[in-house]
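Some notes on the structure that comes next.
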Amino acid sequence: MGIDDFAFKKRMAYGTIFIDLQTNKPIDLLEKRDQIPVTEWLKNHPEIELITRDGSKTYAKAVTEASPAILQVGDRWHILHQLFEAIKKTIFNLIPAKWTPTPIDKLVVKENKEKPPRKSESERLQNEEKRWARIQHVQLLYEQGYTITSIKRKLHLSRGTIYADLKQKEKPNHQRATPYQRFDTLIQALLLDSQTGNQIEEACRLKGYTGSRSTLNKMIARERRNVKQGKAKTYSVRQKVIQVIWDFKKGHHLERIGQLHPELPESFPEIIELDQLVQNFRNLFTEKRSEKLVEWLAEYKQLDYPFIQSFIHGIEQDISSVKLSIQEPWSNG
């Protein structure tokens, strides 16, 4: 049987749902998700031998109190989701939102008055400032004790916008990234080496560039301006790094991280360590090696990443259900 909480009214009223894992159909609903009614329900169903659940301590205690003989299997989706969140937060702490890989002193600096931004660029910057001011206003009201409903009425915003604003931790940037961004550093290096446009095109295509020559010419012109102005290129790679680490279907992670930017692995060697951590944990499930879980915990317990340590602590607190989630076919998912 699977057990989970069930929303009668989201964020307002929750109950408990019981699912027959063999038929995938509901067995019963309880009006609450408290320990006592769940324990009483389980005591009235002594035929239950195995239960799948998330990391809820309430349900764990309810099952144990009803019958210690019931096997409690952790839900694989929740376990992996918790690891994903830990990796995401760690990468966000590790890599800046705007990363500058090449020091300015390596570029050819030439005095040049900056041109005023184009109208579209000015509008984008103005919109970012307006949105950032609104986000800060929403967060201030929330900190002062205003409810979501009162903020909605006061600022005439949707609930979705308010929830998104409350999650925003830094000033938004709506500038679109080009799919060929990874070639900027190569183009910059070739320009510093006085290579021609044809030579740059040949080098880029050898590295996988598939765009048109006109697009490449624009990229070359932009990087030439950056080189002359001594302006170092910034990159937004955090989300892309997370996508590579969390991709269980495609291999060659180190190579793919290097394709995002050749200096990434050297600048942030922790990425490789985190990638190996995720792959090793995932392999416990694919290989059904629950006995290796203790070794995995011992190997990574000393890492100095607070969010990873929090995840490991959670696994240790519920280790028997995590072991069963590795070896058993059953899961809430």
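Note on naming: chains are A, B, ... as they come in the structure tokens, residues start from 1 per chain, ligands start from 1 in the order shown.
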
Spatial neighbours of Pro265 of chain A, 12 Å, only C-alpha atoms, chain gap at least 3 places, as a PyMOL selection string: chain A and resi 95+101+241+253-262+268-275

Using DSSP on the backbone coordinates, identify all residues within segment 2-207 of chain A classified as strand (DSSP E); present the result as a PyMOL selection string. chain A and resi 2-9+13-20+25-30+50-53+71-74

Go ahead and write the residues just picked, C-alpha atoms, as a PDB file, in the first residue's frame.
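And here's result.pdb as it stands now:
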```pdb
ATOM      1  CA  GLY A   2       1.072   3.586  -0.661  1.00  0.00           C
ATOM      2  CA  ILE A   3       0.299   6.446   1.722  1.00  0.00           C
ATOM      3  CA  ASP A   4       0.505  10.184   1.110  1.00  0.00           C
ATOM      4  CA  ASP A   5      -1.167  13.449   2.024  1.00  0.00           C
ATOM      5  CA  PHE A   6      -4.028  14.631  -0.167  1.00  0.00           C
ATOM      6  CA  ALA A   7      -5.193  18.206  -0.761  1.00  0.00           C
ATOM      7  CA  PHE A   8      -8.914  18.808  -0.410  1.00  0.00           C
ATOM      8  CA  LYS A   9      -8.107  22.508  -0.773  1.00  0.00           C
ATOM      9  CA  ALA A  13      -7.157  21.501   3.983  1.00  0.00           C
ATOM     10  CA  TYR A  14      -5.261  18.194   3.736  1.00  0.00           C
ATOM     11  CA  GLY A  15      -6.175  14.609   4.358  1.00  0.00           C
ATOM     12  CA  THR A  16      -4.526  11.211   3.877  1.00  0.00           C
ATOM     13  CA  ILE A  17      -4.930   8.913   0.882  1.00  0.00           C
ATOM     14  CA  PHE A  18      -4.253   5.155   0.827  1.00  0.00           C
ATOM     15  CA  ILE A  19      -3.469   3.479  -2.527  1.00  0.00           C
ATOM     16  CA  ASP A  20      -3.366  -0.227  -3.385  1.00  0.00           C
ATOM     17  CA  LYS A  25      -6.501   2.383  -7.092  1.00  0.00           C
ATOM     18  CA  PRO A  26      -7.451   4.331  -3.939  1.00  0.00           C
ATOM     19  CA  ILE A  27      -8.484   2.311  -0.923  1.00  0.00           C
ATOM     20  CA  ASP A  28      -9.614   5.059   1.424  1.00  0.00           C
ATOM     21  CA  LEU A  29      -9.367   8.762   2.316  1.00  0.00           C
ATOM     22  CA  LEU A  30      -9.027  10.280   5.781  1.00  0.00           C
ATOM     23  CA  LEU A  50       4.421  -3.131   3.172  1.00  0.00           C
ATOM     24  CA  ILE A  51       3.882   0.628   2.880  1.00  0.00           C
ATOM     25  CA  THR A  52       5.542   3.156   0.602  1.00  0.00           C
ATOM     26  CA  ARG A  53       5.752   6.763   1.817  1.00  0.00           C
ATOM     27  CA  LEU A  71       8.003  -2.684   5.948  1.00  0.00           C
ATOM     28  CA  GLN A  72       8.341   1.045   5.232  1.00  0.00           C
ATOM     29  CA  VAL A  73       9.709   1.831   1.764  1.00  0.00           C
ATOM     30  CA  GLY A  74      10.885   5.368   0.978  1.00  0.00           C
TER      31      GLY A  74
END
```

Select from segment 135-316 of chain A everything DSSP, run on the backbone, classes as alpha helix (DSSP H), then give the selection as a PyMOL selection string. chain A and resi 135-143+148-155+159-167+184-192+197-206+213-229+238-245+253-260+264-267+270-286+293-300+306-316

With only C-alpha atoms as the counted atoms, please give the residues lying no more than 12 Å from segment 209-215 of chain A, apart from itself and same-chain residues fewer than 4 positions off, as a PyMOL selection string. chain A and resi 178-184+186-187+197-198+200-205+219-222+259

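In terms of minimum interatomic distance to Ile245 of chain A, A:Arg282 ranks closest within A:Arg282, A:Lys288, A:Arg225, A:Lys169, counting only C-alpha atoms.
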
If we count only C-alpha atoms, what is near Ser325 of chain A at a cut-off of 12 Å, once residues fewer than 5 positions away on the same chain are taken out, given as a PyMOL selection string? chain A and resi 50-55+71-80+284-286+288-291+293+315+318-320+330-333
